[in-house]
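Single-structure report; data block below.
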Amino acid sequence: MATLTLFILENSILKTKIWKQKSSPERTLVDVLTQELNAPEIIAKMLVQRGIDSSDKVKKFFNPRIGDMHDPFLMKDMDKAIERVQSAQKQKEGVLIFGDYDVDGTTSVALAYSFFKDKFDKIDYYIPDRYKEGYGISNDGIDYAKANGLSLIIALDCGIRSIDKIDYATSLGIDFIICDHHLPGAEIPKAVAVLDPKRSDCEYPFKELAGCGIGLKLAQAYSQVNDLDEREYLQYLDYATLSIASDIVPIVDENRIIAHFGLKIINQQPRIGLRKLKEISINKDELTIEDLVFYIGPRINAAGRMDDAKSAVKMLIASDEATADEYANELQTQNASRKLVDQKITADFQEIIAKNPALLDRKTHVFYKEDWHKGVVGIAASRAIELYYRPTIILTKSGEGILAGSARSISGFDVHAALEKCSEHLIQFGGHMYAAGMTLKAENLDAFREAFEKVGEEMLDEEMLTPKVYYDAELDANEVDMKFLNILNKMAPFGPGNMTPVFYAKNLKDDGTGKIIGETQEHIRLNIKRSKDAIAAVGFGMASQFSEIKKADSFEACFQINENVFRNVSSLQLMLKDIRITKDV
């Protein structure tokens with residue numbers, strides 16, 4: 001591990017990050033909110049920066065209400081979906097819940113299956129095999145439904161571009177209800193109902209639900225029509241929260257409501273499988289969105305990456321200790337294997353760079369090796385961006401003469417739009433602005449690589465290729481106390497659209513007790529001098545700057561603030577995002 005880390009540091013081309021303060025909010029609005037909230041001005045500034053600029057918005061922001069969720073029937077085709085579900089009930093049809101193999105897909109299946117299982121005599125679920133069937137709706141899945149007498153398929157987190165697959169199902173007498181949140185193509189599949197807020201003809205007021213969120217709206221609509229207690233569907237807000245965290249959708253509007261109450265379920269009344277997974281993955285009582293992203297989500301994802309995603313569903317819906325324990329431990333083992341594969345791919349593409357240093361001058365990176373693990377290429381692409389900060393695609397062999405891979409992007413570069421411009425070289429592709437998947441013929445690799453680079457040259461400039469740290473406001477380290485952190489915590493849950501506050505401070509100085517820490521000696525722990533006491537500061541991957549920090553008169557930093565609990569003792573600490581040594585003028 002230490003050798004790999006050293007190699008990473010030596011081969012990274014990341015430049016000094018650009019620090020940018022978020023836009024200055026309108027003074028009048030800040031003054032009004034400061035008075036109304038009776039809070040520090042800096043809090044009012046951050047709220048206005050985030051669009052929380054009126055008393056009504058402040059009230060909704062700090063006090064999310066289930067009653068503020070949108071009417072599910074505002075979504076195009078929701079009425080048709082409910083009619084078809086009820087028809088299936090009356091006709092005693094069999095139903096198949098179909099979902100993707102990632103966190104959003106598996107939580108979607110867990111939600112829909114759990115909600116509908118006592119409403120149908122015959123119900124089953126299906127997750128496609130990543131390696132045999134690929135992404136999305138598959139002929140194998142449709143054939144499974146036909147063979148088992150299941151005439152209605154509810155597809156979640158996939159299907160919006162599956163034109164031919166829906167036609168195939170129709171030819172077999174099988175109907176589809178699609179619950180998706182990805183961008184549609186020019187044609188909408190001919191399913192009985194297609195629920196997707198991103199449809200151009202859908203007037204649903206919030207467009208950024210995760211796939212599991214669409215499943216939740218289906219359950220909400222069914223509950224309303226059948227006069228069920230709202231707890232019938234609200235009990236599954238934890239699933240929807242997991243999908244929000246792992247699919248990196250904006251935590252605003254309806255997603256904020258879902259995440260707020262979903263975290264309460266996860267922390268106060270955790271489902272048995274999630275409790276087991278939490279116990280073996282993170283030693284913490286109260287989980288945040290960030291914890292779901294970095295500890296819980298990767299373990300659920302590992303099932304589909306390394307083997308069969310059904311084990312993730314089985315963990316999520318487990319109703320007894322033994323089953324929950326079995327599948328939580330299976331996910332933990334698969335995640336450990338995933339980490340080793342991830343490290344191997346990372347070392348491989350670093351070796352490619354070392355042998356071909358001219359690649360460092362390119363605007364984009366497309367790496368390929370036929371024996372890379374198909375389930376881990378997306379993670380590896382993210383790792384490449386951490387090192388080189390370039391839109392990156394990592395490809396591997398996927399059948400005879402076929403390559404498959406994942407793309408990850410940098411801020412401001414729409415990788416989905418870029419792939420659209422290179423589509424003549426691809427068999428298929430799909431995804432979002434910052435993440436996408438694709439397949440292509442092996443013979444087209446070089447042409448695709450050059451086409452993607454050409455798009456990069458057109459769309460990227462030097463500033464876009466330099467990583468940035470955005471901070472909310474300047475803050476004196478002496479102002480950091482538990483009361484201030486408690487106010488910040490009321491702004492949670494944090495995520496896209498409402499990121500964890502980042503602050504800037506200058507004239508910082510270690511008190512002399514700082515040290516390099518970690519098994520691989522990569523990180524630093526400082527104790528920042530203050531007027532009355534010192535405050536701890538932790539910087540991950542900053543060990544190379546430690547000697548300069550110790551010698552410097554002072555340094556400046558961008559940081560977040562959190563609470564560190566060690567042996568039941570709570571203390572404040574700064575989480576350093578970046579540091580600069582103050583230079584003498």
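Please note that chains go A, B, ... in the order of the structure tokens, that every chain numbers its residues from 1, and that ligands are numbered from 1 in the order shown.
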- [ ] Within 6 Å of stretch 323-327 of chain A, counting only C-alpha atoms, which residues show up once you throw out same-chain ones fewer than 5 positions away? Write them as a PyMOL selection string, please.
- [x] chain A and resi 273+315+318
Open item on the list: List the spatial neighbours of A:Ile166 as an MDAnalysis selection string - criterion: any atom at most 10 Å away, only C-alpha atoms, same-chain residues fewer than 3 positions off excluded.
Closed with: chainID A and resid 137:139 142 159:163 169:172 174:178 189:192
Can you write out the residues you just picked, keeping N, CA and C atoms, as a compact mmCIF listing (two decimals), in the first residue's frame?
# COMPACT_ATOMS: atom_id res chain seq x y z
N ILE A 137 -32.46 -2.67 -18.91
CA ILE A 137 -33.40 -3.75 -19.21
C ILE A 137 -32.76 -4.73 -20.20
N SER A 138 -32.92 -6.01 -19.93
CA SER A 138 -32.28 -7.03 -20.76
C SER A 138 -33.31 -8.02 -21.28
N ASN A 139 -33.00 -8.63 -22.40
CA ASN A 139 -33.86 -9.70 -22.92
C ASN A 139 -33.94 -10.86 -21.95
N ILE A 142 -36.54 -10.09 -19.39
CA ILE A 142 -37.89 -10.21 -19.98
C ILE A 142 -38.25 -11.68 -20.14
N GLY A 159 -34.41 2.06 -18.25
CA GLY A 159 -35.51 1.83 -19.19
C GLY A 159 -35.86 2.96 -20.11
N ILE A 160 -35.41 4.18 -19.81
CA ILE A 160 -35.86 5.33 -20.57
C ILE A 160 -35.37 5.30 -22.02
N ARG A 161 -34.30 4.56 -22.28
CA ARG A 161 -33.79 4.45 -23.65
C ARG A 161 -33.93 3.03 -24.22
N SER A 162 -34.68 2.18 -23.54
CA SER A 162 -34.78 0.77 -23.95
C SER A 162 -35.93 0.56 -24.94
N ILE A 163 -35.87 1.24 -26.06
CA ILE A 163 -36.94 1.18 -27.06
C ILE A 163 -37.17 -0.25 -27.54
N ALA A 169 -40.70 -7.03 -25.21
CA ALA A 169 -41.60 -7.46 -24.15
C ALA A 169 -43.06 -7.43 -24.61
N THR A 170 -43.41 -6.38 -25.34
CA THR A 170 -44.78 -6.26 -25.84
C THR A 170 -45.14 -7.43 -26.75
N SER A 171 -44.16 -7.86 -27.56
CA SER A 171 -44.41 -8.99 -28.46
C SER A 171 -44.67 -10.28 -27.70
N LEU A 172 -44.24 -10.34 -26.43
CA LEU A 172 -44.45 -11.52 -25.58
C LEU A 172 -45.66 -11.36 -24.66
N ILE A 174 -46.04 -8.85 -22.45
CA ILE A 174 -45.61 -8.31 -21.16
C ILE A 174 -45.62 -6.78 -21.21
N ASP A 175 -46.25 -6.17 -20.22
CA ASP A 175 -46.30 -4.70 -20.13
C ASP A 175 -45.21 -4.17 -19.22
N PHE A 176 -44.82 -2.92 -19.49
CA PHE A 176 -43.79 -2.26 -18.68
C PHE A 176 -44.33 -0.96 -18.08
N ILE A 177 -43.96 -0.72 -16.81
CA ILE A 177 -44.04 0.62 -16.21
C ILE A 177 -42.60 1.02 -15.94
N ILE A 178 -42.15 2.10 -16.56
CA ILE A 178 -40.77 2.56 -16.40
C ILE A 178 -40.71 3.69 -15.38
N PRO A 189 -39.89 5.19 -24.95
CA PRO A 189 -40.32 3.79 -25.15
C PRO A 189 -41.83 3.66 -25.08
N LYS A 190 -42.37 2.69 -25.80
CA LYS A 190 -43.82 2.47 -25.86
C LYS A 190 -44.27 1.57 -24.71
N ALA A 191 -43.99 2.01 -23.51
CA ALA A 191 -44.43 1.30 -22.31
C ALA A 191 -45.83 1.79 -21.93
N VAL A 192 -46.48 1.05 -21.05
CA VAL A 192 -47.80 1.46 -20.57
C VAL A 192 -47.71 2.82 -19.88
TODO: Per DSSP on the backbone, filter stretch 69-256 of chain A down to the residues in strand (DSSP E) and report them as a ChimeraX atom specification.
DONE: /A:94-99,123-126,150-156,175-179,193-195
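For stretch 68-79 of chain A, the set of protein, DNA and RNA residues having any atom at most 6 Å away, when counting only C-alpha atoms and skipping those fewer than 3 positions along the same chain, is A:Arg65, A:Ile82, A:Ala193, A:Cys202, A:Tyr204, A:Lys217, A:Ala221, A:Glu254.
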Please produce an output containing N, CA and C atoms for each residue in the selection, written as an mmCIF file, in the first residue's frame.
data_model
loop_
_atom_site.group_PDB
_atom_site.id
_atom_site.type_symbol
_atom_site.label_atom_id
_atom_site.label_comp_id
_atom_site.auth_asym_id
_atom_site.auth_seq_id
_atom_site.Cartn_x
_atom_site.Cartn_y
_atom_site.Cartn_z
ATOM 1 N N ARG A 65 -40.910 19.481 5.827
ATOM 2 C CA ARG A 65 -42.201 18.874 6.154
ATOM 3 C C ARG A 65 -42.600 17.876 5.076
ATOM 4 N N ILE A 82 -50.708 3.814 -12.145
ATOM 5 C CA ILE A 82 -51.550 3.306 -11.061
ATOM 6 C C ILE A 82 -52.695 2.469 -11.611
ATOM 7 N N ALA A 193 -46.642 3.024 -19.112
ATOM 8 C CA ALA A 193 -46.412 4.297 -18.428
ATOM 9 C C ALA A 193 -44.910 4.521 -18.329
ATOM 10 N N CYS A 202 -43.081 16.378 -19.335
ATOM 11 C CA CYS A 202 -43.471 16.151 -17.942
ATOM 12 C C CYS A 202 -43.373 17.458 -17.161
ATOM 13 N N TYR A 204 -43.724 17.802 -13.879
ATOM 14 C CA TYR A 204 -43.428 17.614 -12.459
ATOM 15 C C TYR A 204 -42.453 18.698 -12.017
ATOM 16 N N LYS A 217 -42.385 7.837 -5.359
ATOM 17 C CA LYS A 217 -43.558 8.585 -5.832
ATOM 18 C C LYS A 217 -44.653 7.631 -6.326
ATOM 19 N N ALA A 221 -48.322 7.589 -4.757
ATOM 20 C CA ALA A 221 -49.538 7.711 -5.570
ATOM 21 C C ALA A 221 -50.492 6.548 -5.289
ATOM 22 N N GLU A 254 -37.486 18.489 -2.938
ATOM 23 C CA GLU A 254 -38.048 17.237 -2.432
ATOM 24 C C GLU A 254 -36.974 16.277 -1.930
#
Open item on the list: What's around A:Ala245 at 8 Å? Count only C-alpha atoms, leave out sequence neighbours fewer than 5 positions away in its own chain, and write the answer as a PyMOL selection string.
Closed with: chain A and resi 289-290+292-293+297+495
- [ ] Write out as a ChimeraX atom specification the residues lying within 8 Å of stretch 516-527 of chain A, counting only C-alpha atoms and excluding same-chain residues fewer than 3 positions away.
- [x] /A:1-2,5,510-513,534-544,546
Print the selection's residues with N, CA and C atoms to a file, as a PDB file, in the first residue's frame.
ATOM      1  N   MET A   1       0.827  -1.209   0.000  1.00  0.00           N
ATOM      2  CA  MET A   1       0.000   0.000   0.000  1.00  0.00           C
ATOM      3  C   MET A   1       0.857   1.252   0.000  1.00  0.00           C
ATOM      4  N   ALA A   2       1.909   1.279   0.818  1.00  0.00           N
ATOM      5  CA  ALA A   2       2.767   2.456   0.890  1.00  0.00           C
ATOM      6  C   ALA A   2       3.437   2.733  -0.445  1.00  0.00           C
ATOM      7  N   THR A   5       0.976   4.312  -2.869  1.00  0.00           N
ATOM      8  CA  THR A   5       0.718   5.708  -2.528  1.00  0.00           C
ATOM      9  C   THR A   5       1.850   6.608  -2.995  1.00  0.00           C
ATOM     10  N   ASP A 510       0.904  26.419  13.477  1.00  0.00           N
ATOM     11  CA  ASP A 510       0.892  25.226  14.331  1.00  0.00           C
ATOM     12  C   ASP A 510       1.596  25.559  15.646  1.00  0.00           C
ATOM     13  N   ASP A 511       1.114  24.981  16.756  1.00  0.00           N
ATOM     14  CA  ASP A 511       1.702  25.317  18.066  1.00  0.00           C
ATOM     15  C   ASP A 511       2.974  24.522  18.370  1.00  0.00           C
ATOM     16  N   GLY A 512       3.423  23.735  17.388  1.00  0.00           N
ATOM     17  CA  GLY A 512       4.658  22.989  17.590  1.00  0.00           C
ATOM     18  C   GLY A 512       4.446  21.524  17.899  1.00  0.00           C
ATOM     19  N   THR A 513       3.191  21.118  18.138  1.00  0.00           N
ATOM     20  CA  THR A 513       2.918  19.721  18.492  1.00  0.00           C
ATOM     21  C   THR A 513       2.359  18.930  17.310  1.00  0.00           C
ATOM     22  N   ALA A 534      -5.842  25.970  21.577  1.00  0.00           N
ATOM     23  CA  ALA A 534      -5.495  25.489  20.231  1.00  0.00           C
ATOM     24  C   ALA A 534      -6.651  24.654  19.700  1.00  0.00           C
ATOM     25  N   ILE A 535      -6.772  24.589  18.377  1.00  0.00           N
ATOM     26  CA  ILE A 535      -7.799  23.751  17.768  1.00  0.00           C
ATOM     27  C   ILE A 535      -7.124  22.782  16.803  1.00  0.00           C
ATOM     28  N   ALA A 536      -7.540  21.528  16.861  1.00  0.00           N
ATOM     29  CA  ALA A 536      -6.936  20.503  16.017  1.00  0.00           C
ATOM     30  C   ALA A 536      -7.315  20.728  14.556  1.00  0.00           C
ATOM     31  N   ALA A 537      -6.414  20.360  13.666  1.00  0.00           N
ATOM     32  CA  ALA A 537      -6.665  20.428  12.223  1.00  0.00           C
ATOM     33  C   ALA A 537      -6.060  19.197  11.583  1.00  0.00           C
ATOM     34  N   VAL A 538      -6.827  18.535  10.712  1.00  0.00           N
ATOM     35  CA  VAL A 538      -6.370  17.318  10.047  1.00  0.00           C
ATOM     36  C   VAL A 538      -6.330  17.568   8.542  1.00  0.00           C
ATOM     37  N   GLY A 539      -5.225  17.186   7.918  1.00  0.00           N
ATOM     38  CA  GLY A 539      -5.082  17.329   6.470  1.00  0.00           C
ATOM     39  C   GLY A 539      -4.711  16.006   5.832  1.00  0.00           C
ATOM     40  N   PHE A 540      -5.624  15.440   5.058  1.00  0.00           N
ATOM     41  CA  PHE A 540      -5.362  14.156   4.409  1.00  0.00           C
ATOM     42  C   PHE A 540      -4.507  14.364   3.157  1.00  0.00           C
ATOM     43  N   GLY A 541      -3.466  13.549   3.032  1.00  0.00           N
ATOM     44  CA  GLY A 541      -2.590  13.621   1.869  1.00  0.00           C
ATOM     45  C   GLY A 541      -1.708  14.851   1.836  1.00  0.00           C
ATOM     46  N   MET A 542      -1.506  15.507   2.973  1.00  0.00           N
ATOM     47  CA  MET A 542      -0.745  16.752   3.000  1.00  0.00           C
ATOM     48  C   MET A 542       0.618  16.607   3.675  1.00  0.00           C
ATOM     49  N   ALA A 543       1.079  15.374   3.875  1.00  0.00           N
ATOM     50  CA  ALA A 543       2.337  15.163   4.597  1.00  0.00           C
ATOM     51  C   ALA A 543       3.522  15.842   3.924  1.00  0.00           C
ATOM     52  N   SER A 544       3.491  15.949   2.591  1.00  0.00           N
ATOM     53  CA  SER A 544       4.620  16.550   1.874  1.00  0.00           C
ATOM     54  C   SER A 544       4.801  18.029   2.207  1.00  0.00           C
ATOM     55  N   PHE A 546       4.339  19.249   5.339  1.00  0.00           N
ATOM     56  CA  PHE A 546       4.491  19.396   6.780  1.00  0.00           C
ATOM     57  C   PHE A 546       5.735  20.194   7.165  1.00  0.00           C
TER      58      PHE A 546
END
Open item on the list: Which residues are close to A:Tyr113, i.e. within 10 Å by only C-alpha atoms, leaving aside same-chain residues fewer than 6 positions away? Reply as a list in words.
Closed with: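 With the cut-off at 10 Å, the set is Val95, Leu96, Ile97, Phe98, Thr107, Lys119, Ile123, Asp124, Tyr125, Ile154, Val313 and Ile317 of chain A.
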TODO: Have a look at atom CA of A:Gly430 and atom CA of A:Arg256 and let me know their distance in Å, one decimal.
DONE: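 Pair atom CA of A:Gly430 / atom CA of A:Arg256 returns 26.1 Å.
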In stretch 161-273 of chain A, DSSP alpha helix (DSSP H) residues written as an mmCIF file with N, CA and C atoms, in the first residue's frame:
data_model
loop_
_atom_site.group_PDB
_atom_site.id
_atom_site.type_symbol
_atom_site.label_atom_id
_atom_site.label_comp_id
_atom_site.auth_asym_id
_atom_site.auth_seq_id
_atom_site.Cartn_x
_atom_site.Cartn_y
_atom_site.Cartn_z
ATOM 1 N N ILE A 163 -35.868 1.240 -26.057
ATOM 2 C CA ILE A 163 -36.940 1.184 -27.058
ATOM 3 C C ILE A 163 -37.169 -0.246 -27.537
ATOM 4 N N ASP A 164 -36.093 -0.906 -27.982
ATOM 5 C CA ASP A 164 -36.235 -2.243 -28.571
ATOM 6 C C ASP A 164 -36.614 -3.292 -27.528
ATOM 7 N N LYS A 165 -36.123 -3.114 -26.289
ATOM 8 C CA LYS A 165 -36.434 -4.086 -25.240
ATOM 9 C C LYS A 165 -37.921 -4.034 -24.869
ATOM 10 N N ILE A 166 -38.478 -2.850 -24.831
ATOM 11 C CA ILE A 166 -39.905 -2.712 -24.521
ATOM 12 C C ILE A 166 -40.739 -3.319 -25.655
ATOM 13 N N ASP A 167 -40.307 -3.100 -26.882
ATOM 14 C CA ASP A 167 -41.009 -3.687 -28.032
ATOM 15 C C ASP A 167 -40.960 -5.212 -27.957
ATOM 16 N N TYR A 168 -39.814 -5.748 -27.545
ATOM 17 C CA TYR A 168 -39.677 -7.201 -27.411
ATOM 18 C C TYR A 168 -40.635 -7.731 -26.352
ATOM 19 N N ALA A 169 -40.699 -7.031 -25.212
ATOM 20 C CA ALA A 169 -41.601 -7.464 -24.145
ATOM 21 C C ALA A 169 -43.060 -7.433 -24.613
ATOM 22 N N THR A 170 -43.407 -6.384 -25.339
ATOM 23 C CA THR A 170 -44.778 -6.260 -25.843
ATOM 24 C C THR A 170 -45.139 -7.431 -26.745
ATOM 25 N N SER A 171 -44.156 -7.859 -27.560
ATOM 26 C CA SER A 171 -44.406 -8.990 -28.460
ATOM 27 C C SER A 171 -44.666 -10.284 -27.697
ATOM 28 N N GLY A 211 -33.524 7.520 -9.020
ATOM 29 C CA GLY A 211 -34.417 6.474 -9.491
ATOM 30 C C GLY A 211 -35.289 5.927 -8.383
ATOM 31 N N CYS A 212 -34.712 5.736 -7.201
ATOM 32 C CA CYS A 212 -35.483 5.251 -6.058
ATOM 33 C C CYS A 212 -36.554 6.262 -5.661
ATOM 34 N N GLY A 213 -36.266 7.543 -5.880
ATOM 35 C CA GLY A 213 -37.255 8.583 -5.609
ATOM 36 C C GLY A 213 -38.482 8.454 -6.498
ATOM 37 N N ILE A 214 -38.278 8.019 -7.757
ATOM 38 C CA ILE A 214 -39.419 7.807 -8.650
ATOM 39 C C ILE A 214 -40.254 6.631 -8.137
ATOM 40 N N GLY A 215 -39.559 5.582 -7.659
ATOM 41 C CA GLY A 215 -40.275 4.456 -7.058
ATOM 42 C C GLY A 215 -41.077 4.887 -5.838
ATOM 43 N N LEU A 216 -40.503 5.785 -5.039
ATOM 44 C CA LEU A 216 -41.205 6.302 -3.870
ATOM 45 C C LEU A 216 -42.468 7.054 -4.277
ATOM 46 N N LYS A 217 -42.385 7.837 -5.359
ATOM 47 C CA LYS A 217 -43.558 8.585 -5.832
ATOM 48 C C LYS A 217 -44.653 7.631 -6.326
ATOM 49 N N LEU A 218 -44.254 6.520 -6.939
ATOM 50 C CA LEU A 218 -45.238 5.514 -7.364
ATOM 51 C C LEU A 218 -45.958 4.938 -6.147
ATOM 52 N N ALA A 219 -45.184 4.635 -5.096
ATOM 53 C CA ALA A 219 -45.781 4.110 -3.862
ATOM 54 C C ALA A 219 -46.674 5.152 -3.206
ATOM 55 N N GLN A 220 -46.264 6.415 -3.252
ATOM 56 C CA GLN A 220 -47.067 7.504 -2.680
ATOM 57 C C GLN A 220 -48.394 7.626 -3.433
ATOM 58 N N ALA A 221 -48.322 7.589 -4.757
ATOM 59 C CA ALA A 221 -49.538 7.711 -5.570
ATOM 60 C C ALA A 221 -50.492 6.548 -5.289
ATOM 61 N N TYR A 222 -49.951 5.335 -5.207
ATOM 62 C CA TYR A 222 -50.781 4.164 -4.932
ATOM 63 C C TYR A 222 -51.455 4.309 -3.557
ATOM 64 N N SER A 223 -50.685 4.783 -2.569
ATOM 65 C CA SER A 223 -51.221 4.959 -1.215
ATOM 66 C C SER A 223 -52.356 5.968 -1.195
ATOM 67 N N GLN A 224 -52.199 7.052 -1.936
ATOM 68 C CA GLN A 224 -53.233 8.085 -1.969
ATOM 69 C C GLN A 224 -54.519 7.565 -2.605
ATOM 70 N N VAL A 225 -54.384 6.882 -3.723
ATOM 71 C CA VAL A 225 -55.565 6.381 -4.438
ATOM 72 C C VAL A 225 -56.318 5.345 -3.609
ATOM 73 N N ARG A 231 -47.768 6.231 6.238
ATOM 74 C CA ARG A 231 -46.622 5.466 6.736
ATOM 75 C C ARG A 231 -46.333 4.239 5.874
ATOM 76 N N GLU A 232 -47.330 3.829 5.065
ATOM 77 C CA GLU A 232 -47.141 2.695 4.163
ATOM 78 C C GLU A 232 -45.968 2.920 3.210
ATOM 79 N N TYR A 233 -45.798 4.164 2.762
ATOM 80 C CA TYR A 233 -44.675 4.445 1.863
ATOM 81 C C TYR A 233 -43.552 5.234 2.543
ATOM 82 N N LEU A 234 -43.890 6.017 3.575
ATOM 83 C CA LEU A 234 -42.860 6.813 4.244
ATOM 84 C C LEU A 234 -41.844 5.945 4.988
ATOM 85 N N LEU A 237 -38.363 5.753 3.298
ATOM 86 C CA LEU A 237 -37.547 6.935 3.027
ATOM 87 C C LEU A 237 -36.051 6.653 3.217
ATOM 88 N N ASP A 238 -35.729 5.640 4.019
ATOM 89 C CA ASP A 238 -34.305 5.301 4.199
ATOM 90 C C ASP A 238 -33.696 4.785 2.899
ATOM 91 N N TYR A 239 -34.438 3.941 2.177
ATOM 92 C CA TYR A 239 -33.950 3.469 0.886
ATOM 93 C C TYR A 239 -33.708 4.641 -0.071
ATOM 94 N N ALA A 240 -34.703 5.537 -0.122
ATOM 95 C CA ALA A 240 -34.600 6.686 -1.033
ATOM 96 C C ALA A 240 -33.436 7.596 -0.639
ATOM 97 N N THR A 241 -33.158 7.705 0.642
ATOM 98 C CA THR A 241 -32.036 8.534 1.114
ATOM 99 C C THR A 241 -30.700 7.924 0.711
ATOM 100 N N LEU A 242 -30.597 6.617 0.816
ATOM 101 C CA LEU A 242 -29.377 5.932 0.361
ATOM 102 C C LEU A 242 -29.123 6.199 -1.114
ATOM 103 N N SER A 243 -30.188 6.182 -1.908
ATOM 104 C CA SER A 243 -30.021 6.403 -3.346
ATOM 105 C C SER A 243 -29.651 7.854 -3.630
ATOM 106 N N ILE A 244 -30.245 8.791 -2.897
ATOM 107 C CA ILE A 244 -29.908 10.211 -3.058
ATOM 108 C C ILE A 244 -28.418 10.431 -2.793
ATOM 109 N N ALA A 245 -27.931 9.843 -1.698
ATOM 110 C CA ALA A 245 -26.520 10.015 -1.330
ATOM 111 C C ALA A 245 -25.596 9.398 -2.374
ATOM 112 N N SER A 246 -25.887 8.177 -2.774
ATOM 113 C CA SER A 246 -24.965 7.437 -3.640
ATOM 114 C C SER A 246 -25.036 7.861 -5.093
ATOM 115 N N ASP A 253 -35.010 20.912 -2.423
ATOM 116 C CA ASP A 253 -36.414 20.670 -2.741
ATOM 117 C C ASP A 253 -36.869 19.341 -2.129
ATOM 118 N N GLU A 254 -37.486 18.489 -2.938
ATOM 119 C CA GLU A 254 -38.048 17.237 -2.432
ATOM 120 C C GLU A 254 -36.974 16.277 -1.930
ATOM 121 N N ASN A 255 -35.806 16.291 -2.548
ATOM 122 C CA ASN A 255 -34.721 15.422 -2.076
ATOM 123 C C ASN A 255 -34.278 15.797 -0.666
ATOM 124 N N ARG A 256 -34.335 17.091 -0.326
ATOM 125 C CA ARG A 256 -33.960 17.511 1.027
ATOM 126 C C ARG A 256 -34.956 16.956 2.048
ATOM 127 N N ILE A 257 -36.237 16.986 1.703
ATOM 128 C CA ILE A 257 -37.261 16.446 2.605
ATOM 129 C C ILE A 257 -37.038 14.948 2.809
ATOM 130 N N ILE A 258 -36.842 14.240 1.701
ATOM 131 C CA ILE A 258 -36.622 12.791 1.776
ATOM 132 C C ILE A 258 -35.391 12.480 2.615
ATOM 133 N N ALA A 259 -34.283 13.179 2.350
ATOM 134 C CA ALA A 259 -33.034 12.905 3.055
ATOM 135 C C ALA A 259 -33.136 13.252 4.539
ATOM 136 N N HIS A 260 -33.819 14.335 4.853
ATOM 137 C CA HIS A 260 -33.982 14.751 6.252
ATOM 138 C C HIS A 260 -34.665 13.658 7.070
ATOM 139 N N PHE A 261 -35.779 13.169 6.570
ATOM 140 C CA PHE A 261 -36.530 12.155 7.320
ATOM 141 C C PHE A 261 -35.942 10.755 7.144
ATOM 142 N N GLY A 262 -35.332 10.500 5.985
ATOM 143 C CA GLY A 262 -34.701 9.204 5.770
ATOM 144 C C GLY A 262 -33.530 8.973 6.699
ATOM 145 N N LEU A 263 -32.747 10.024 6.957
ATOM 146 C CA LEU A 263 -31.625 9.906 7.901
ATOM 147 C C LEU A 263 -32.127 9.615 9.313
ATOM 148 N N LYS A 264 -33.281 10.163 9.666
ATOM 149 C CA LYS A 264 -33.846 9.872 10.993
ATOM 150 C C LYS A 264 -34.144 8.382 11.134
ATOM 151 N N ILE A 265 -34.698 7.778 10.066
ATOM 152 C CA ILE A 265 -34.970 6.341 10.100
ATOM 153 C C ILE A 265 -33.669 5.560 10.215
ATOM 154 N N ILE A 266 -32.691 5.917 9.391
ATOM 155 C CA ILE A 266 -31.405 5.212 9.386
ATOM 156 C C ILE A 266 -30.714 5.296 10.738
ATOM 157 N N ASN A 267 -30.832 6.442 11.410
ATOM 158 C CA ASN A 267 -30.130 6.638 12.690
ATOM 159 C C ASN A 267 -30.944 6.217 13.902
ATOM 160 N N GLN A 268 -32.264 6.313 13.826
ATOM 161 C CA GLN A 268 -33.089 6.039 15.002
ATOM 162 C C GLN A 268 -33.780 4.679 14.963
ATOM 163 N N ILE A 272 -32.718 -3.783 9.785
ATOM 164 C CA ILE A 272 -31.749 -4.721 10.363
ATOM 165 C C ILE A 272 -30.514 -4.912 9.489
ATOM 166 N N GLY A 273 -30.711 -4.966 8.170
ATOM 167 C CA GLY A 273 -29.568 -5.148 7.281
ATOM 168 C C GLY A 273 -28.630 -3.961 7.297
#
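Between A:Gln428 and the candidates A:Ala155, A:Ala404, A:Ala186, A:Val415, the tightest atom-to-atom separation, counting only C-alpha atoms, involves A:Ala404.
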Task: Selected residue, from A:Gly431, A:Gly405, A:Gly51, A:Gly378, that lies nearest to A:Asn498 when counting only C-alpha atoms - done: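 Under the stated criterion, the closest residue is A:Gly51.
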Taking 4 positions as the minimum chain separation for residues in the same chain, which residues sit within 9 Å of A:Asp31 when counting only C-alpha atoms? Answer as an mmCIF file with N, CA and C atoms, in the first residue's frame.
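Okay, this is what ended up in result-v7.cif:
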data_model
loop_
_atom_site.group_PDB
_atom_site.id
_atom_site.type_symbol
_atom_site.label_atom_id
_atom_site.label_comp_id
_atom_site.auth_asym_id
_atom_site.auth_seq_id
_atom_site.Cartn_x
_atom_site.Cartn_y
_atom_site.Cartn_z
ATOM 1 N N GLU A 26 -26.445 39.578 -1.731
ATOM 2 C CA GLU A 26 -26.953 40.952 -1.637
ATOM 3 C C GLU A 26 -27.022 41.377 -0.170
ATOM 4 N N ARG A 27 -26.449 42.532 0.130
ATOM 5 C CA ARG A 27 -26.301 43.019 1.500
ATOM 6 C C ARG A 27 -27.655 43.152 2.229
ATOM 7 N N GLN A 35 -31.172 39.591 11.181
ATOM 8 C CA GLN A 35 -32.102 40.057 12.219
ATOM 9 C C GLN A 35 -33.152 39.008 12.542
ATOM 10 N N GLU A 36 -33.748 38.434 11.483
ATOM 11 C CA GLU A 36 -34.836 37.486 11.681
ATOM 12 C C GLU A 36 -34.366 36.193 12.356
ATOM 13 N N GLU A 41 -23.922 36.812 11.268
ATOM 14 C CA GLU A 41 -24.084 37.309 9.898
ATOM 15 C C GLU A 41 -23.568 36.311 8.873
ATOM 16 N N ALA A 44 -26.216 33.925 7.785
ATOM 17 C CA ALA A 44 -27.164 34.553 6.849
ATOM 18 C C ALA A 44 -26.563 34.656 5.453
ATOM 19 N N LYS A 45 -25.275 34.991 5.396
ATOM 20 C CA LYS A 45 -24.603 35.090 4.095
ATOM 21 C C LYS A 45 -24.637 33.755 3.354
#
